[in-house]
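Everything on this sheet refers to the single structure shown next.
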Protein chains: 2
Amino acid sequence: RLRFRKGKGFAIPTLMKNFAMLVCAASLAAFPLSAQEEKKVFPAPGEIVAAAKADEWVAIAPSDLLVMDLAADSKGKPRRVIIQLMPAPFSQGWVANIRKLAAAKFWDGTSVNRVQDNYVVQWGDATEKKALPEGLAVVPESGYITPIQRMVVNHPDGQGSYTYTLPPLTGQSRKDAYGQSAFSAGWPVSYLIESGKSEALYPTHCYGMVGVGRNLSPDTGTGAELYTVIGHAPRHLDRNIALVGRVIEGIEHLSSLPRGTGALGFYESEAERTPIASVRIGNGAKDVPAFEYLSTESTSFAAYADARANRRDAFFIRPAGGADICNIPVPVRRKAK
Amino acid sequence: RLRFRKGKGFAIPTLMKNFAMLVCAASLAAFPLSAQEEKKVFPAPGEIVAAAKADEWVAIAPSDLLVMDLAADSKGKPRRVIIQLMPAPFSQGWVANIRKLAAAKFWDGTSVNRVQDNYVVQWGDATEKKALPEGLAVVPESGYITPIQRMVVNHPDGQGSYTYTLPPLTGQSRKDAYGQSAFSAGWPVSYLIESGKSEALYPTHCYGMVGVGRNLSPDTGTGAELYTVIGHAPRHLDRNIALVGRVIEGIEHLSSLPRGTGALGFYESEAERTPIASVRIGNGAKDVPAFEYLSTESTSFAAYADARANRRDAFFIRPAGGADICNIPVPVRRKAK
C-alpha cells in the first residue's frame, strides 16, 4: 500500500508494510476504487510537494549551513545535525557571530547540556569558562525585530504604481492567537502591528527553529549558546530572544536525547552530556549534501499550505479550516544528484 | 540562585547550579535589588501555580488513570507512563473500550511501534493478530464531537435567569487559527461553530494528548491502538480522531525514544520496538501516586493562563499578548502526602 513517509518537514510517498492502524495515513492506493468514484479524492500535502516543479525549489547555499557533528552514538553511528542559518535581513548580528564562532572552532569539545521535554535542547560550553573568539558583536535588542520597508514603484507603462516590500512577504497573512503571520523568503515570520499597521517582522519560534541563549535583559547573547525547539511552538519567546536558523536534517539526534533531570532540563552530571565533535559552516565541512527548500512564493507552496489547513485527503473526514504558521513547516529536502 | 524546574506541564521553584545562559529562566532572586525597585517584577506562571490554594486543586480518581509500564531501560530503570483518561461527556465510548482492554490485559506483551519526530508515539499490537476482548463498542464518528447543552435556570430570588452549560466551560474563549477554544473541567477543548453559534465541543490535540489510531473512515478505532502527541499540536487531527486522555507523568519515556526509520516513523524491526510489560487502570496497579490538577475554574488558573499569554517576569522584555490553548498546559502534579 502507498503510504507517506515523513522527511524533513515534509512527506514523500513510499511503500510501507501493512500496519492497519495509522494516525495520519493518507493513501490513494488503499482507498477502494468504488469509494474513489463516489468521492473526489484530494492530494495530501506531501503529494503536492512531491509534484512541485523543479524550478519551484530554491537552492540553499552551503555557506548558509551550520553543520554540527555530535559524538557517535553508543552503537558507533554518526550523528550529524544540519542547521540552515537565517538570511538577511533577519538576526544578522548574531548570524555573523555564529560564523566567527564556527571559524574559531569554538564548539569543538563542547556539549549538549540541556534537554527539556516539550521545550528545547540547548548546547554550548557547559563550563562557561571557554574563551570566546575576539570581535563578536554585542547585538542590541532592536535586532529581534526587522522593520518592514515599503517602496512605492511606478509601473513602467506609467499606469499607476505598486508597493514593493522588504523583507518579501508571501500570500495572505494568517491570524492566530499571537497576531498575524506569513512566510518571508522561506521562513515563518510574524507581524509587529502598531496603530493598526504592520511595521515590522520577527521570526517565529516553530519546531526546529534555532535560537540564542542569553542572560537577563539587556543581554542578548553572543550566539555561543544555542538551542532548538523540540515541542509545541513556544511563541512567548518571539521578540524576546534571537532566532538564527532552523534544523533541516538530523533533529532526531537532539529531540530523542534523554531528558535532563536538573532544573530546566539541564543534565546534572558531565556523563549525561552529549559531546560535540565539531561545528563548521557548510562549505568548510566534509560530505555535506546540497539542500533546497520549496519557494514560499511558488504555486505549489500555496497549494501545500492550503492543504495543510484543509486536509481533504482520504484519511480526513473534516478539514480544520485553518492552520497556525508552525503547522505549515516549509518543505526542505536534499537536492537530487 | 532560584530558578524554575519543569514538572509535568508546570514549573516549580528549585535551586539550580549556576548556568549563565538560559532560554527561559525567570528569577526573582537573581534579579538585582536595585532593578527590582525600578521595575515591578511580575510572578512567572510557575510561581502562580505554586502559590495556588489547596482548595483550587482537584483530585484525579485513581480509577481515571491508565498506568503503562514499559520494559525497564538498558540500565534497568523502570519506565512508567501515567495517562489521565478523559471524563464524561467526552469520548466515553472509546474510554469504556480502553477500560475493557486494560481489564483483559490486552496490552501486556505488546509494544511501542512507531515514533515519528514532531508528531506521535504509537503503541499496541504490532502483529495485528492478537484477539481483542469481547464486548468492545463500535463508536460512531459522531462521538468525536460533544454537543453543548444549554439550560436556562431561574434565579432562586426570581430576579431573572442565567444559562448553565454542559459540558462546563471556563473563562473567555480564545481565538486562534483553528477557531475558538477554552477549558472544560480541566481539559483543552475547541468549539464547533455553526451558523455563528457554538453548538458543540471537541477535545484539542495538544502535546501529550492521547488518541485512538484508526483505519479509513467510517472506522473510528477500538482504542486498542493508542498514540500520544510529541510535537507541535497537530490540530488538523481534531474532529478526525478520538482523543481519550493525556499523559500526566513519564512522557519522556515515549518522547525520547529513537525515531523509527520506516514510513510514518514505524520501526522496521522487532528489535527496535519497546516492549510494554503491562497496562492497568490506576486502582488496579501497584504504587500509583495520587494526582491533582489545578481547577480551570479557579482564580489561580485564570492568573496562570493570563501570565502564559503575557509573560512579564524578569526574563521577558515583550509579552506576547496572547497564547494558543496548547501553550497553556493545565497544571497537573503529584498530590503532597
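Chain identifiers are assigned as A, B, and so on, following the order in which chains appear in the C-alpha cells; residues are numbered from 1 within each chain, and ligands are numbered from 1 in order of appearance.
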Chain B residues near chain A within 7 Å, closest pair each, using only C-alpha atoms, as a tab-separated table:
```
residue	atom	partner	partner_atom	distance
B:Phe4	CA	A:Ala263	CA	6.2
B:Arg5	CA	A:Ala263	CA	4.2
B:Lys6	CA	A:Leu264	CA	5.7
B:Thr14	CA	A:Ala263	CA	6.9
B:Met16	CA	A:Ala263	CA	5.8
B:Ala20	CA	A:Asn215	CA	6.3
B:Met21	CA	A:Arg214	CA	5.0
B:Leu22	CA	A:Gly213	CA	5.5
B:Val23	CA	A:Gly213	CA	5.0
B:Asp117	CA	A:Glu252	CA	6.6
B:Lys175	CA	A:Ala177	CA	5.9
B:Asp176	CA	A:Asp176	CA	4.2
B:Ala177	CA	A:Asp176	CA	4.4
B:Tyr178	CA	A:Gly322	CA	5.1
B:Tyr207	CA	A:His232	CA	6.6
B:Gly213	CA	A:Val23	CA	5.1
B:Arg214	CA	A:Met21	CA	5.0
B:Asn215	CA	A:Met21	CA	5.4
B:Leu216	CA	A:Phe315	CA	5.4
B:Ser217	CA	A:Phe315	CA	6.8
B:Glu225	CA	A:Met21	CA	6.8
B:Ile230	CA	A:Gly231	CA	6.9
B:Gly231	CA	A:Gly231	CA	4.8
B:His232	CA	A:His232	CA	4.0
B:Ala233	CA	A:His232	CA	6.1
B:His236	CA	A:Ala320	CA	5.3
B:Arg239	CA	A:Arg318	CA	6.7
B:Asn240	CA	A:Ile317	CA	5.9
B:Glu252	CA	A:Arg259	CA	6.6
B:Ser255	CA	A:Ser256	CA	6.7
B:Ser256	CA	A:Ser256	CA	4.0
B:Leu257	CA	A:Ser256	CA	5.7
B:Pro258	CA	A:Ser256	CA	5.8
B:Arg259	CA	A:Glu252	CA	6.6
B:Ala263	CA	A:Arg5	CA	4.3
B:Leu264	CA	A:Arg5	CA	4.9
B:Phe315	CA	A:Leu216	CA	5.4
B:Phe316	CA	A:Asn240	CA	6.1
B:Ile317	CA	A:Asn240	CA	5.9
B:Arg318	CA	A:Asn240	CA	6.2
B:Pro319	CA	A:His236	CA	6.9
B:Ala320	CA	A:His236	CA	5.3
B:Gly321	CA	A:Tyr178	CA	6.6
B:Gly322	CA	A:Tyr178	CA	5.1
B:Ala323	CA	A:Ala177	CA	5.5
B:Asp324	CA	A:Ala177	CA	5.2
```
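Residues within 10 Å of Glu134 in chain B, counting only C-alpha atoms and excluding same-chain residues fewer than 5 positions away, are Asn97, Lys100, Leu101 and Ala104 of chain B.
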*Using backbone DSSP assignments, extract all alpha helix (DSSP H) residues from range 39-93 of chain A; output them as a ChimeraX atom specification.*
/A:45-50,92-93
Those residues with N, CA and C atoms, as a tab-separated table (two decimals), in the first residue's frame please?
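Listing of selection_38.tsv after writing:
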```tsv
chain	number	residue	atom	x	y	z
A	45	PRO	N	-0.86	16.97	1.49
A	45	PRO	CA	0.22	17.97	1.40
A	45	PRO	C	1.52	17.39	0.82
A	46	GLY	N	1.89	16.19	1.26
A	46	GLY	CA	3.13	15.59	0.78
A	46	GLY	C	3.11	15.28	-0.71
A	47	GLU	N	1.95	14.94	-1.22
A	47	GLU	CA	1.83	14.67	-2.66
A	47	GLU	C	2.00	15.96	-3.46
A	48	ILE	N	1.47	17.05	-2.93
A	48	ILE	CA	1.61	18.35	-3.62
A	48	ILE	C	3.09	18.74	-3.68
A	49	VAL	N	3.79	18.53	-2.57
A	49	VAL	CA	5.22	18.87	-2.52
A	49	VAL	C	6.00	17.98	-3.49
A	50	ALA	N	5.67	16.68	-3.49
A	50	ALA	CA	6.39	15.74	-4.37
A	50	ALA	C	6.18	16.08	-5.85
A	92	GLN	N	20.97	39.27	11.67
A	92	GLN	CA	22.29	39.15	11.05
A	92	GLN	C	23.46	39.42	12.00
A	93	GLY	N	23.23	40.20	13.06
A	93	GLY	CA	24.30	40.42	14.04
A	93	GLY	C	24.72	39.12	14.70
```
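When only C-alpha atoms are used to compute distances to Val67 in chain B, the closest of the residues B:Val332, B:Ala277, B:Ala302, B:Leu132 turns out to be B:Ala277.
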*Could you tell me which of A:Ala51, A:Ile276, A:Ala336, A:Ala200 comes closest to Ser142 in chain A if we count only C-alpha atoms?*
A:Ala200
*Separation of CA of Gly109 in chain B from CA of Ala72 in chain B, in Å and rounded to one decimal*: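 Computing the Euclidean distance for CA of Gly109 in chain B and CA of Ala72 in chain B yields 13.3 Å.
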*Would you list the contacts of Ile248 in chain B as a ChimeraX atom specification, taking every protein, DNA or RNA residue within 10 Å and counting only C-alpha atoms, but skipping same-chain residues closer than 3 positions in sequence?*
/B:7-9,65,81-84,208-209,245,251,291-293,330-334
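Reported to one decimal place, the separation of CA of Asp108 in chain B from CA of Leu243 in chain B is 21.9 Å.
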*Residues of range 36-162 of chain A in strand (DSSP E) according to DSSP, as a ChimeraX atom specification?*
/A:57-60,65-70,79-85,111-115,120-124,146-147,149-154,161-162
